[in-house]
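To keep things clear, I will list the structure first and then write my remarks on it.
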Amino acid sequence: MSKKQRILIVEDHTLLRAGLRALLTQDPDIEIVGEADNGRDAVQSIGTLTPHLVLMDLSMPGMNGIEAIRDIKRRYPETRVLVLTIHKTDEYIHESLRAGADGYILKDATHDELRVAIRSVLNGKTYLSPDISGKVINGYLGAGSSPSPSSAWDSLTHREREVLKLVAEGH
(Lines give C-alpha, C1' and ligand atoms only; values in the text may rest on other atoms or scores of the structure.)
Protein backbone atom coordinates (compact mmCIF):
# COMPACT_ATOMS: atom_id res chain seq x y z
CA MET A 1 0.00 0.00 0.00
CA SER A 2 1.76 3.11 -1.19
CA LYS A 3 -0.81 5.82 -0.45
CA LYS A 4 -2.45 6.39 2.91
CA GLN A 5 -5.43 4.16 3.48
CA ARG A 6 -8.43 6.04 4.82
CA ILE A 7 -10.25 4.32 7.70
CA LEU A 8 -13.51 5.10 9.49
CA ILE A 9 -13.83 3.61 12.99
CA VAL A 10 -17.40 2.66 14.00
CA GLU A 11 -17.61 1.67 17.66
CA ASP A 12 -20.03 2.78 20.36
CA HIS A 13 -17.52 2.63 23.22
CA THR A 14 -15.55 5.89 23.40
CA LEU A 15 -12.52 4.41 25.12
CA LEU A 16 -12.22 1.59 22.59
CA ARG A 17 -12.53 4.05 19.68
CA ALA A 18 -9.74 6.17 21.17
CA GLY A 19 -7.58 3.08 21.66
CA LEU A 20 -8.12 1.93 18.09
CA ARG A 21 -7.29 5.40 16.80
CA ALA A 22 -4.08 5.50 18.87
CA LEU A 23 -3.04 2.03 17.68
CA LEU A 24 -3.82 2.57 14.02
CA THR A 25 -2.27 6.03 13.70
CA GLN A 26 1.10 4.46 14.56
CA ASP A 27 1.01 2.97 11.06
CA PRO A 28 2.28 5.58 8.54
CA ASP A 29 0.13 4.02 5.78
CA ILE A 30 -3.13 4.61 7.68
CA GLU A 31 -5.17 7.78 8.12
CA ILE A 32 -8.16 7.75 10.45
CA VAL A 33 -10.64 9.99 8.64
CA GLY A 34 -13.44 9.78 11.18
CA GLU A 35 -15.30 7.99 13.92
CA ALA A 36 -18.93 7.10 14.54
CA ASP A 37 -20.68 5.58 17.53
CA ASN A 38 -23.57 3.98 15.62
CA GLY A 39 -24.37 2.56 12.21
CA ARG A 40 -26.61 5.40 11.05
CA ASP A 41 -23.91 8.04 11.58
CA ALA A 42 -21.36 5.77 9.92
CA VAL A 43 -23.43 5.39 6.75
CA GLN A 44 -24.02 9.14 6.58
CA SER A 45 -20.30 9.88 7.09
CA ILE A 46 -19.06 7.67 4.28
CA GLY A 47 -20.32 9.99 1.54
CA THR A 48 -18.22 12.90 2.78
CA LEU A 49 -15.25 11.08 4.33
CA THR A 50 -14.80 8.50 1.52
CA PRO A 51 -12.93 5.90 3.59
CA HIS A 52 -11.31 2.94 1.90
CA LEU A 53 -12.21 0.77 4.90
CA VAL A 54 -14.78 0.85 7.68
CA LEU A 55 -13.81 -0.88 10.91
CA MET A 56 -17.28 -1.89 12.17
CA ASP A 57 -18.56 -3.03 15.55
CA LEU A 58 -21.78 -5.04 15.47
CA SER A 59 -23.57 -4.23 18.73
CA MET A 60 -24.48 -0.56 18.73
CA PRO A 61 -27.55 1.52 19.56
CA GLY A 62 -29.83 2.71 16.79
CA MET A 63 -28.66 1.01 13.63
CA ASN A 64 -26.54 -2.02 14.47
CA GLY A 65 -23.46 -3.06 12.54
CA ILE A 66 -25.14 -5.68 10.34
CA GLU A 67 -27.79 -3.21 9.16
CA ALA A 68 -25.08 -0.62 8.56
CA ILE A 69 -23.00 -3.07 6.51
CA ARG A 70 -26.01 -3.80 4.27
CA ASP A 71 -26.62 -0.09 3.76
CA ILE A 72 -22.94 0.69 3.15
CA LYS A 73 -22.56 -2.09 0.58
CA ARG A 74 -25.74 -0.97 -1.20
CA ARG A 75 -24.72 2.70 -1.34
CA TYR A 76 -20.92 2.42 -1.51
CA PRO A 77 -20.02 -1.04 -2.84
CA GLU A 78 -16.35 -0.10 -3.26
CA THR A 79 -15.96 0.62 0.46
CA ARG A 80 -14.47 -2.35 2.30
CA VAL A 81 -15.89 -3.35 5.70
CA LEU A 82 -13.98 -5.21 8.41
CA VAL A 83 -16.09 -6.33 11.36
CA LEU A 84 -14.36 -5.97 14.74
CA THR A 85 -16.51 -7.61 17.41
CA ILE A 86 -16.73 -9.83 20.47
CA HIS A 87 -19.38 -12.04 18.87
CA LYS A 88 -18.25 -15.56 17.98
CA THR A 89 -21.65 -17.12 17.33
CA ASP A 90 -22.60 -18.52 13.94
CA GLU A 91 -25.58 -16.17 13.75
CA TYR A 92 -23.45 -13.01 13.89
CA ILE A 93 -20.79 -14.42 11.59
CA HIS A 94 -23.20 -15.56 8.89
CA GLU A 95 -25.38 -12.44 9.05
CA SER A 96 -22.31 -10.20 8.78
CA LEU A 97 -20.94 -12.07 5.79
CA ARG A 98 -24.36 -12.18 4.11
CA ALA A 99 -24.67 -8.42 4.65
CA GLY A 100 -21.41 -7.94 2.74
CA ALA A 101 -18.64 -7.79 5.34
CA ASP A 102 -15.21 -8.24 3.78
CA GLY A 103 -13.64 -9.52 6.97
CA TYR A 104 -14.44 -10.60 10.52
CA ILE A 105 -12.00 -10.23 13.39
CA LEU A 106 -12.51 -10.63 17.11
CA LYS A 107 -11.74 -7.93 19.66
CA ASP A 108 -9.38 -10.25 21.49
CA ALA A 109 -7.05 -10.23 18.46
CA THR A 110 -3.52 -8.91 18.73
CA HIS A 111 -2.42 -5.64 17.16
CA ASP A 112 -0.44 -7.64 14.59
CA GLU A 113 -3.51 -9.68 13.63
CA LEU A 114 -5.55 -6.48 13.27
CA ARG A 115 -2.89 -5.04 10.96
CA VAL A 116 -2.90 -8.23 8.86
CA ALA A 117 -6.70 -8.18 8.68
CA ILE A 118 -6.80 -4.53 7.62
CA ARG A 119 -4.14 -5.04 4.94
CA SER A 120 -5.82 -8.19 3.63
CA VAL A 121 -9.22 -6.54 3.34
CA LEU A 122 -7.75 -3.41 1.75
CA ASN A 123 -6.01 -5.64 -0.80
CA GLY A 124 -9.35 -7.14 -1.85
CA LYS A 125 -9.17 -10.34 0.15
CA THR A 126 -11.57 -11.70 2.75
CA TYR A 127 -10.13 -12.03 6.24
CA LEU A 128 -11.53 -14.24 8.99
CA SER A 129 -9.99 -14.63 12.46
CA PRO A 130 -8.65 -18.17 12.92
CA ASP A 131 -11.44 -19.05 15.41
CA ILE A 132 -14.03 -17.72 12.98
CA SER A 133 -12.65 -19.43 9.86
CA GLY A 134 -12.88 -22.79 11.64
CA LYS A 135 -16.54 -22.14 12.47
CA VAL A 136 -17.30 -21.06 8.89
CA ILE A 137 -15.61 -24.15 7.43
CA ASN A 138 -17.34 -26.50 9.89
CA GLY A 139 -20.67 -24.83 9.09
CA TYR A 140 -20.04 -25.20 5.37
CA LEU A 141 -19.01 -28.85 5.63
CA GLY A 142 -21.95 -29.69 7.89
CA ALA A 143 -24.52 -27.60 6.00
CA GLY A 144 -26.30 -30.58 4.51
CA SER A 145 -26.54 -32.45 7.78
CA SER A 146 -27.46 -29.65 10.19
CA PRO A 147 -30.53 -30.35 12.29
CA SER A 148 -33.52 -28.04 12.11
CA PRO A 149 -33.87 -25.42 14.85
CA SER A 150 -35.09 -26.91 18.13
CA SER A 151 -37.38 -23.98 18.94
CA ALA A 152 -39.10 -21.05 17.26
CA TRP A 153 -36.53 -18.73 18.93
CA ASP A 154 -33.69 -20.58 17.20
CA SER A 155 -35.31 -20.07 13.80
CA LEU A 156 -35.38 -16.25 14.14
CA THR A 157 -32.69 -14.01 12.66
CA HIS A 158 -30.73 -11.62 14.85
CA ARG A 159 -32.92 -8.69 13.74
CA GLU A 160 -36.15 -10.62 14.33
CA ARG A 161 -34.97 -11.38 17.86
CA GLU A 162 -34.15 -7.69 18.42
CA VAL A 163 -37.64 -6.64 17.25
CA LEU A 164 -39.32 -9.31 19.38
CA LYS A 165 -37.41 -8.13 22.46
CA LEU A 166 -38.39 -4.51 21.80
CA VAL A 167 -42.05 -5.51 21.41
CA ALA A 168 -41.88 -7.47 24.66
CA GLU A 169 -40.44 -4.38 26.38
CA GLY A 170 -43.44 -2.35 25.23
CA HIS A 171 -41.86 -0.42 22.35
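Please note that chains go A, B, ... in the order of the C-alpha coordinates, that every chain numbers its residues from 1, and that ligands are numbered from 1 in the order shown.
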
Env of Thr89 (chain A): 12 Å cut, atoms = only C-alpha atoms, seq-sep filter 5 positions within chain, self excluded. Answer as a PDB file with N, CA and C atoms, in the first residue's frame.
```
ATOM      1  N   HIS A  94     -22.492 -15.365  10.157  1.00  0.00           N
ATOM      2  CA  HIS A  94     -23.200 -15.562   8.888  1.00  0.00           C
ATOM      3  C   HIS A  94     -23.969 -14.315   8.463  1.00  0.00           C
ATOM      4  N   GLU A  95     -24.635 -13.655   9.399  1.00  0.00           N
ATOM      5  CA  GLU A  95     -25.381 -12.443   9.054  1.00  0.00           C
ATOM      6  C   GLU A  95     -24.442 -11.338   8.565  1.00  0.00           C
ATOM      7  N   SER A  96     -23.286 -11.207   9.204  1.00  0.00           N
ATOM      8  CA  SER A  96     -22.311 -10.196   8.781  1.00  0.00           C
ATOM      9  C   SER A  96     -21.799 -10.469   7.370  1.00  0.00           C
ATOM     10  N   TYR A 104     -13.843 -10.431   9.202  1.00  0.00           N
ATOM     11  CA  TYR A 104     -14.443 -10.596  10.518  1.00  0.00           C
ATOM     12  C   TYR A 104     -13.317 -10.929  11.480  1.00  0.00           C
ATOM     13  N   LEU A 106     -12.026 -10.735  15.737  1.00  0.00           N
ATOM     14  CA  LEU A 106     -12.506 -10.633  17.110  1.00  0.00           C
ATOM     15  C   LEU A 106     -11.718  -9.582  17.890  1.00  0.00           C
ATOM     16  N   ASP A 131     -10.298 -18.410  14.744  1.00  0.00           N
ATOM     17  CA  ASP A 131     -11.444 -19.046  15.406  1.00  0.00           C
ATOM     18  C   ASP A 131     -12.677 -19.006  14.517  1.00  0.00           C
ATOM     19  N   ILE A 132     -12.854 -17.913  13.819  1.00  0.00           N
ATOM     20  CA  ILE A 132     -14.027 -17.717  12.981  1.00  0.00           C
ATOM     21  C   ILE A 132     -13.941 -18.571  11.719  1.00  0.00           C
ATOM     22  N   SER A 133     -12.771 -18.644  11.100  1.00  0.00           N
ATOM     23  CA  SER A 133     -12.647 -19.431   9.865  1.00  0.00           C
ATOM     24  C   SER A 133     -12.955 -20.902  10.133  1.00  0.00           C
ATOM     25  N   GLY A 134     -12.559 -21.405  11.282  1.00  0.00           N
ATOM     26  CA  GLY A 134     -12.882 -22.789  11.641  1.00  0.00           C
ATOM     27  C   GLY A 134     -14.384 -23.003  11.741  1.00  0.00           C
ATOM     28  N   LYS A 135     -15.087 -22.044  12.351  1.00  0.00           N
ATOM     29  CA  LYS A 135     -16.543 -22.143  12.466  1.00  0.00           C
ATOM     30  C   LYS A 135     -17.210 -22.088  11.094  1.00  0.00           C
ATOM     31  N   VAL A 136     -16.723 -21.201  10.232  1.00  0.00           N
ATOM     32  CA  VAL A 136     -17.300 -21.064   8.895  1.00  0.00           C
ATOM     33  C   VAL A 136     -17.099 -22.353   8.095  1.00  0.00           C
ATOM     34  N   GLY A 139     -19.286 -25.092   9.497  1.00  0.00           N
ATOM     35  CA  GLY A 139     -20.667 -24.835   9.094  1.00  0.00           C
ATOM     36  C   GLY A 139     -20.901 -25.196   7.638  1.00  0.00           C
ATOM     37  N   HIS A 158     -31.158 -12.556  13.805  1.00  0.00           N
ATOM     38  CA  HIS A 158     -30.734 -11.616  14.846  1.00  0.00           C
ATOM     39  C   HIS A 158     -31.690 -10.428  14.920  1.00  0.00           C
TER      40      HIS A 158
END
```

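Across the model, the gap from CA of Met60 (chain A) to CA of Thr14 (chain A) is 12.0 Å.
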
Quick one: residues within 8 Å of Leu58 (chain A), only C-alpha atoms counted, chain neighbours fewer than 2 positions away excluded, as a ChimeraX atom specification?
/A:56,60,64-66,83-85

Tell me, as an NGL selection string, which residues lie within 9 Å of Glu35 (chain A), counting only C-alpha atoms; anything in the same chain fewer than 3 positions away does not count.
:A and (7-11 or 17 or 21 or 32 or 41-42 or 45)

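Across the model, the gap from CA of Val54 (chain A) to CA of Arg6 (chain A) is 8.7 Å.
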
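We find CA of Thr110 (chain A) and CA of Ser129 (chain A) to be spaced 10.7 Å apart.
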
Residues of chain A in alpha helix (DSSP H), written as an MDAnalysis selection string:
chainID A and resid 14:24 39:49 65:75 90:99 111:122 130:141 152:155 158:168
